[in-house]
Amino acid sequence: MTTSGNNGGLGCFYGIGVGPGDPELLTLKAQRLLQKMDVICFTQLDNGEPSFALGVLDDVLKEARPETLSITIPSDDSPVSMETWREAAERIGGHLRRGQDVAFITEGDPMLYSEFPYLLDCVSPVFPDLTIEVIPGVSSVMAAAASSGVPLVTHGQRLAILPAVNGIDDLREAITNYDTIVLMEIDRNLIQALANLESLGLAGKAIYVRQASTAKERVVDDIRQLSPEDFDYFSLLIIKR
């Protein structure tokens, strides 16, 4: 996505995907733009945990040293309020008015279950002539498929990527309609709901991938072997029908 016009001296606003965690999976275009960016914007959990997306760029930004702008979001999985995004848009707007280029970075891809669209919806109405460019990134879904060695789909097959399901009934419906289902936002409750995969005819067909492409990566093809330490936000489950 690229939109442009006579922006009256405004800076440019970028949404940049930094990939699943391995810095070498950052695209060349993303690296080039980030190294000349005036401001890097990112989300920061309210528990003080470092930004995952910013951490991917430690080496890339070592010499560039752009100004940073953090957006604090809840660490308990509760929804981010629109007021948070509006306040962030105002801060970003201050930089854009000074002619500075601003990049919002996100793990994975900006257009796949990312926070970027929420921010874009708040920035765009204020600056109708703003130049906006979205730089795609390698998603965790693709990285997990590569790490597990499991093709997501082949010709003629159907794929569903779901942020969460409410239990076996929702999953059974997805399995009926799709050949491969990727479940994101995995937690212990969901795994417990899936413990009896035999009832769905899926025994041995679910692969859990934790933090694909990173030093903490773990690929588990028997979800009964999962321990509490295996569950985190950057994990997903690939289920083949």
# chains A, B, ... in the order shown; residues from 1 in each chain; ligands from 1

call {"tool": "closest_atom_pairs", "arguments": {"of": "region 58-153 of chain A", "to": "region 175-184 of chain A", "cutoff": "12 Å", "atoms": "only C-alpha atoms", "output": "CSV"}}
result
residue,atom,partner,partner_atom,distance
A:Leu112,CA,A:Met184,CA,11.3
A:Tyr113,CA,A:Met184,CA,9.5
A:Ser139,CA,A:Met184,CA,11.6
A:Ser140,CA,A:Met184,CA,9.3
A:Val141,CA,A:Val182,CA,7.4
A:Met142,CA,A:Val182,CA,10.3
A:Ala144,CA,A:Val182,CA,9.8
A:Ala145,CA,A:Val182,CA,9.7
A:Val150,CA,A:Thr180,CA,10.3
A:Pro151,CA,A:Thr180,CA,9.3
A:Leu152,CA,A:Thr180,CA,6.3
A:Val153,CA,A:Thr180,CA,6.7

call {"tool": "closest_atom_pairs", "arguments": {"of": "region 115-229 of chain A", "to": "region 16-39 of chain A", "cutoff": "8 Å", "atoms": "only C-alpha atoms", "output": "tab-separated table"}}
result
residue	atom	partner	partner_atom	distance
A:Val134	CA	A:Ile16	CA	6.0
A:Ile135	CA	A:Ile16	CA	4.7
A:Pro136	CA	A:Gly17	CA	5.4
A:Gly137	CA	A:Gly17	CA	4.2
A:Val138	CA	A:Gly19	CA	4.5
A:Ser139	CA	A:Gly19	CA	5.8
A:Ser140	CA	A:Pro20	CA	4.9
A:Ala143	CA	A:Pro20	CA	6.7
A:Gln211	CA	A:Gly21	CA	7.6
A:Ala212	CA	A:Pro20	CA	6.6
A:Ser213	CA	A:Asp22	CA	5.3
A:Thr214	CA	A:Gly21	CA	5.5

call {"tool": "select_by_dssp", "arguments": {"residues": "region 38-204 of chain A", "states": "strand (DSSP E or B)", "output": "ChimeraX atom specification"}}
result
/A:39-45,67-73,102-106,108,132-135,159-162,180-184

call {"tool": "residues_around", "arguments": {"residues": "Cys12 (chain A)", "least_positions_apart": "3", "cutoff": "12 Å", "atoms": "only C-alpha atoms", "output": "PyMOL selection string"}}
result
chain A and resi 2-9+15+33+37-39+92-93+95-104+123-124+127+129-134

call {"tool": "atom_distance", "arguments": {"atom1": "CA of Ile105 (chain A)", "atom2": "CA of Cys41 (chain A)"}}
result
6.3 Å

call {"tool": "select_by_dssp", "arguments": {"residues": "region 39-198 of chain A", "states": "helix (DSSP H, G or I)", "output": "ChimeraX atom specification"}}
result
/A:52-56,82-97,116-123,140-148,168-177,188-193,197-198

call {"tool": "closest_residue", "arguments": {"among": "A:Asn47, A:Ser148, A:Thr106, A:Ser81", "to": "Leu236 (chain A)", "atoms": "only C-alpha atoms"}}
result
A:Ser148

call {"tool": "residues_around", "arguments": {"residues": "region 186-188 of chain A", "least_positions_apart": "6", "cutoff": "8 Å", "atoms": "only C-alpha atoms", "output": "ChimeraX atom specification"}}
result
/A:164,228,231-233,235-237

call {"tool": "residues_around", "arguments": {"residues": "region 85-91 of chain A", "least_positions_apart": "5", "cutoff": "8 Å", "atoms": "only C-alpha atoms", "output": "ChimeraX atom specification"}}
result
/A:71,80,118-119,122-123

call {"tool": "atom_distance", "arguments": {"atom1": "CA of Pro110 (chain A)", "atom2": "CA of Glu63 (chain A)"}}
result
24.7 Å

call {"tool": "decode", "arguments": {"residues": "region 35-183 of chain A", "atoms": "C-alpha atoms", "output": "PDB file, in the first residue's frame"}}
result
ATOM      1  CA  GLN A  35      18.239   3.270   8.809  1.00  0.00           C
ATOM      2  CA  LYS A  36      17.239   6.698   7.526  1.00  0.00           C
ATOM      3  CA  MET A  37      14.033   7.123   9.558  1.00  0.00           C
ATOM      4  CA  ASP A  38      13.618  10.163  11.807  1.00  0.00           C
ATOM      5  CA  VAL A  39      11.247   8.512  14.299  1.00  0.00           C
ATOM      6  CA  ILE A  40      10.573   4.846  15.126  1.00  0.00           C
ATOM      7  CA  CYS A  41       7.217   4.171  16.786  1.00  0.00           C
ATOM      8  CA  PHE A  42       6.420   0.897  18.560  1.00  0.00           C
ATOM      9  CA  THR A  43       4.135  -0.618  21.186  1.00  0.00           C
ATOM     10  CA  GLN A  44       5.398  -1.274  24.710  1.00  0.00           C
ATOM     11  CA  LEU A  45       3.638  -3.505  27.244  1.00  0.00           C
ATOM     12  CA  ASP A  46       2.654  -1.824  30.499  1.00  0.00           C
ATOM     13  CA  ASN A  47       4.600  -4.443  32.488  1.00  0.00           C
ATOM     14  CA  GLY A  48       7.880  -2.969  31.246  1.00  0.00           C
ATOM     15  CA  GLU A  49       8.762  -5.898  29.006  1.00  0.00           C
ATOM     16  CA  PRO A  50      11.001  -4.737  26.126  1.00  0.00           C
ATOM     17  CA  SER A  51       9.434  -4.232  22.713  1.00  0.00           C
ATOM     18  CA  PHE A  52       9.832  -7.400  20.642  1.00  0.00           C
ATOM     19  CA  ALA A  53       9.775  -5.502  17.334  1.00  0.00           C
ATOM     20  CA  LEU A  54      12.340  -2.965  18.497  1.00  0.00           C
ATOM     21  CA  GLY A  55      14.607  -5.743  19.734  1.00  0.00           C
ATOM     22  CA  VAL A  56      14.735  -7.234  16.239  1.00  0.00           C
ATOM     23  CA  LEU A  57      16.305  -3.963  15.068  1.00  0.00           C
ATOM     24  CA  ASP A  58      19.112  -3.699  17.634  1.00  0.00           C
ATOM     25  CA  ASP A  59      21.877  -4.103  15.053  1.00  0.00           C
ATOM     26  CA  VAL A  60      20.028  -2.340  12.225  1.00  0.00           C
ATOM     27  CA  LEU A  61      19.574   0.854  14.254  1.00  0.00           C
ATOM     28  CA  LYS A  62      22.916   0.738  16.048  1.00  0.00           C
ATOM     29  CA  GLU A  63      24.377   3.614  14.033  1.00  0.00           C
ATOM     30  CA  ALA A  64      21.184   5.336  12.866  1.00  0.00           C
ATOM     31  CA  ARG A  65      19.849   6.134  16.372  1.00  0.00           C
ATOM     32  CA  PRO A  66      16.464   7.602  15.388  1.00  0.00           C
ATOM     33  CA  GLU A  67      14.138   9.180  17.918  1.00  0.00           C
ATOM     34  CA  THR A  68      11.788   6.608  19.442  1.00  0.00           C
ATOM     35  CA  LEU A  69       8.122   6.923  20.353  1.00  0.00           C
ATOM     36  CA  SER A  70       6.500   4.207  22.459  1.00  0.00           C
ATOM     37  CA  ILE A  71       2.806   3.405  22.784  1.00  0.00           C
ATOM     38  CA  THR A  72       1.929   1.691  26.057  1.00  0.00           C
ATOM     39  CA  ILE A  73      -0.582  -1.137  25.735  1.00  0.00           C
ATOM     40  CA  PRO A  74      -2.027  -3.621  28.264  1.00  0.00           C
ATOM     41  CA  SER A  75      -0.060  -6.774  29.046  1.00  0.00           C
ATOM     42  CA  ASP A  76      -3.157  -8.751  30.089  1.00  0.00           C
ATOM     43  CA  ASP A  77      -4.546  -9.255  26.548  1.00  0.00           C
ATOM     44  CA  SER A  78      -7.342  -6.746  27.113  1.00  0.00           C
ATOM     45  CA  PRO A  79      -8.204  -4.598  24.065  1.00  0.00           C
ATOM     46  CA  VAL A  80      -6.238  -1.399  23.473  1.00  0.00           C
ATOM     47  CA  SER A  81      -8.568   1.575  23.834  1.00  0.00           C
ATOM     48  CA  MET A  82      -9.183   3.851  20.874  1.00  0.00           C
ATOM     49  CA  GLU A  83      -8.121   6.727  23.111  1.00  0.00           C
ATOM     50  CA  THR A  84      -4.648   5.167  23.284  1.00  0.00           C
ATOM     51  CA  TRP A  85      -4.431   5.096  19.476  1.00  0.00           C
ATOM     52  CA  ARG A  86      -5.777   8.651  19.176  1.00  0.00           C
ATOM     53  CA  GLU A  87      -3.207   9.953  21.652  1.00  0.00           C
ATOM     54  CA  ALA A  88      -0.455   8.141  19.774  1.00  0.00           C
ATOM     55  CA  ALA A  89      -1.711   9.615  16.494  1.00  0.00           C
ATOM     56  CA  GLU A  90      -1.473  13.097  17.977  1.00  0.00           C
ATOM     57  CA  ARG A  91       2.130  12.514  19.007  1.00  0.00           C
ATOM     58  CA  ILE A  92       2.973  11.104  15.603  1.00  0.00           C
ATOM     59  CA  GLY A  93       1.231  14.062  13.992  1.00  0.00           C
ATOM     60  CA  GLY A  94       3.566  16.452  15.778  1.00  0.00           C
ATOM     61  CA  HIS A  95       6.555  14.817  14.108  1.00  0.00           C
ATOM     62  CA  LEU A  96       4.864  14.659  10.706  1.00  0.00           C
ATOM     63  CA  ARG A  97       4.072  18.377  10.836  1.00  0.00           C
ATOM     64  CA  ARG A  98       7.767  19.075  11.379  1.00  0.00           C
ATOM     65  CA  GLY A  99       8.519  17.180   8.178  1.00  0.00           C
ATOM     66  CA  GLN A 100       9.898  14.135   9.959  1.00  0.00           C
ATOM     67  CA  ASP A 101       9.364  10.630   8.600  1.00  0.00           C
ATOM     68  CA  VAL A 102       7.779   8.242  11.114  1.00  0.00           C
ATOM     69  CA  ALA A 103       7.731   4.437  10.964  1.00  0.00           C
ATOM     70  CA  PHE A 104       5.466   2.270  13.078  1.00  0.00           C
ATOM     71  CA  ILE A 105       7.179  -1.104  13.402  1.00  0.00           C
ATOM     72  CA  THR A 106       5.420  -4.361  14.074  1.00  0.00           C
ATOM     73  CA  GLU A 107       6.477  -7.973  14.356  1.00  0.00           C
ATOM     74  CA  GLY A 108       5.442 -10.036  11.356  1.00  0.00           C
ATOM     75  CA  ASP A 109       3.484  -8.120   8.726  1.00  0.00           C
ATOM     76  CA  PRO A 110       1.649  -4.803   9.214  1.00  0.00           C
ATOM     77  CA  MET A 111      -1.486  -6.094   7.487  1.00  0.00           C
ATOM     78  CA  LEU A 112      -1.882  -9.447   9.275  1.00  0.00           C
ATOM     79  CA  TYR A 113      -3.288  -9.239  12.819  1.00  0.00           C
ATOM     80  CA  SER A 114      -1.217  -6.127  13.471  1.00  0.00           C
ATOM     81  CA  GLU A 115      -1.876  -2.996  15.496  1.00  0.00           C
ATOM     82  CA  PHE A 116      -0.902  -0.809  12.545  1.00  0.00           C
ATOM     83  CA  PRO A 117      -4.418  -0.504  11.015  1.00  0.00           C
ATOM     84  CA  TYR A 118      -5.783   0.926  14.284  1.00  0.00           C
ATOM     85  CA  LEU A 119      -3.121   3.601  14.294  1.00  0.00           C
ATOM     86  CA  LEU A 120      -3.571   4.272  10.595  1.00  0.00           C
ATOM     87  CA  ASP A 121      -7.296   4.825  11.105  1.00  0.00           C
ATOM     88  CA  CYS A 122      -6.487   7.579  13.612  1.00  0.00           C
ATOM     89  CA  VAL A 123      -3.697   9.257  11.641  1.00  0.00           C
ATOM     90  CA  SER A 124      -5.215   9.274   8.137  1.00  0.00           C
ATOM     91  CA  PRO A 125      -8.309  11.459   8.826  1.00  0.00           C
ATOM     92  CA  VAL A 126      -6.144  14.179  10.360  1.00  0.00           C
ATOM     93  CA  PHE A 127      -3.754  14.244   7.395  1.00  0.00           C
ATOM     94  CA  PRO A 128      -5.764  13.522   4.220  1.00  0.00           C
ATOM     95  CA  ASP A 129      -2.756  14.333   1.997  1.00  0.00           C
ATOM     96  CA  LEU A 130      -0.286  12.292   4.012  1.00  0.00           C
ATOM     97  CA  THR A 131       2.097  10.003   2.139  1.00  0.00           C
ATOM     98  CA  ILE A 132       1.686   6.502   3.558  1.00  0.00           C
ATOM     99  CA  GLU A 133       3.729   3.447   2.680  1.00  0.00           C
ATOM    100  CA  VAL A 134       3.367  -0.076   4.030  1.00  0.00           C
ATOM    101  CA  ILE A 135       6.374  -2.400   3.902  1.00  0.00           C
ATOM    102  CA  PRO A 136       5.373  -6.070   4.205  1.00  0.00           C
ATOM    103  CA  GLY A 137       7.235  -8.432   6.490  1.00  0.00           C
ATOM    104  CA  VAL A 138       7.640 -12.182   6.903  1.00  0.00           C
ATOM    105  CA  SER A 139       4.759 -13.339   9.088  1.00  0.00           C
ATOM    106  CA  SER A 140       5.106 -15.781  11.958  1.00  0.00           C
ATOM    107  CA  VAL A 141       2.727 -18.077  10.060  1.00  0.00           C
ATOM    108  CA  MET A 142       5.187 -18.457   7.188  1.00  0.00           C
ATOM    109  CA  ALA A 143       8.165 -18.736   9.545  1.00  0.00           C
ATOM    110  CA  ALA A 144       6.430 -21.472  11.552  1.00  0.00           C
ATOM    111  CA  ALA A 145       5.640 -23.440   8.409  1.00  0.00           C
ATOM    112  CA  ALA A 146       9.293 -23.215   7.373  1.00  0.00           C
ATOM    113  CA  SER A 147      10.559 -24.268  10.806  1.00  0.00           C
ATOM    114  CA  SER A 148       8.169 -27.205  11.060  1.00  0.00           C
ATOM    115  CA  GLY A 149       8.709 -28.346   7.489  1.00  0.00           C
ATOM    116  CA  VAL A 150       4.937 -28.513   7.001  1.00  0.00           C
ATOM    117  CA  PRO A 151       3.526 -26.962   3.806  1.00  0.00           C
ATOM    118  CA  LEU A 152       0.513 -24.875   4.737  1.00  0.00           C
ATOM    119  CA  VAL A 153      -1.411 -25.662   1.558  1.00  0.00           C
ATOM    120  CA  THR A 154      -0.770 -27.041  -1.889  1.00  0.00           C
ATOM    121  CA  HIS A 155      -2.691 -26.401  -5.098  1.00  0.00           C
ATOM    122  CA  GLY A 156      -6.459 -26.524  -4.599  1.00  0.00           C
ATOM    123  CA  GLN A 157      -6.339 -26.612  -0.797  1.00  0.00           C
ATOM    124  CA  ARG A 158      -7.787 -23.991   1.549  1.00  0.00           C
ATOM    125  CA  LEU A 159      -6.122 -22.229   4.472  1.00  0.00           C
ATOM    126  CA  ALA A 160      -7.667 -20.498   7.495  1.00  0.00           C
ATOM    127  CA  ILE A 161      -5.665 -18.249   9.827  1.00  0.00           C
ATOM    128  CA  LEU A 162      -7.548 -17.609  13.049  1.00  0.00           C
ATOM    129  CA  PRO A 163      -6.548 -15.379  15.971  1.00  0.00           C
ATOM    130  CA  ALA A 164      -8.323 -17.631  18.459  1.00  0.00           C
ATOM    131  CA  VAL A 165     -11.123 -20.163  18.768  1.00  0.00           C
ATOM    132  CA  ASN A 166     -13.484 -20.719  21.660  1.00  0.00           C
ATOM    133  CA  GLY A 167     -13.024 -24.469  21.852  1.00  0.00           C
ATOM    134  CA  ILE A 168     -13.597 -27.724  20.061  1.00  0.00           C
ATOM    135  CA  ASP A 169     -16.881 -26.669  18.413  1.00  0.00           C
ATOM    136  CA  ASP A 170     -15.318 -23.673  16.672  1.00  0.00           C
ATOM    137  CA  LEU A 171     -12.349 -25.757  15.612  1.00  0.00           C
ATOM    138  CA  ARG A 172     -14.567 -28.547  14.281  1.00  0.00           C
ATOM    139  CA  GLU A 173     -16.347 -26.012  12.060  1.00  0.00           C
ATOM    140  CA  ALA A 174     -13.041 -24.658  10.740  1.00  0.00           C
ATOM    141  CA  ILE A 175     -11.750 -28.153  10.032  1.00  0.00           C
ATOM    142  CA  THR A 176     -14.882 -28.943   8.059  1.00  0.00           C
ATOM    143  CA  ASN A 177     -14.240 -26.060   5.678  1.00  0.00           C
ATOM    144  CA  TYR A 178     -10.444 -25.827   5.447  1.00  0.00           C
ATOM    145  CA  ASP A 179      -7.558 -28.201   4.796  1.00  0.00           C
ATOM    146  CA  THR A 180      -5.137 -26.370   7.119  1.00  0.00           C
ATOM    147  CA  ILE A 181      -5.912 -24.182  10.113  1.00  0.00           C
ATOM    148  CA  VAL A 182      -3.367 -21.958  11.802  1.00  0.00           C
ATOM    149  CA  LEU A 183      -4.352 -20.889  15.304  1.00  0.00           C
TER     150      LEU A 183
END
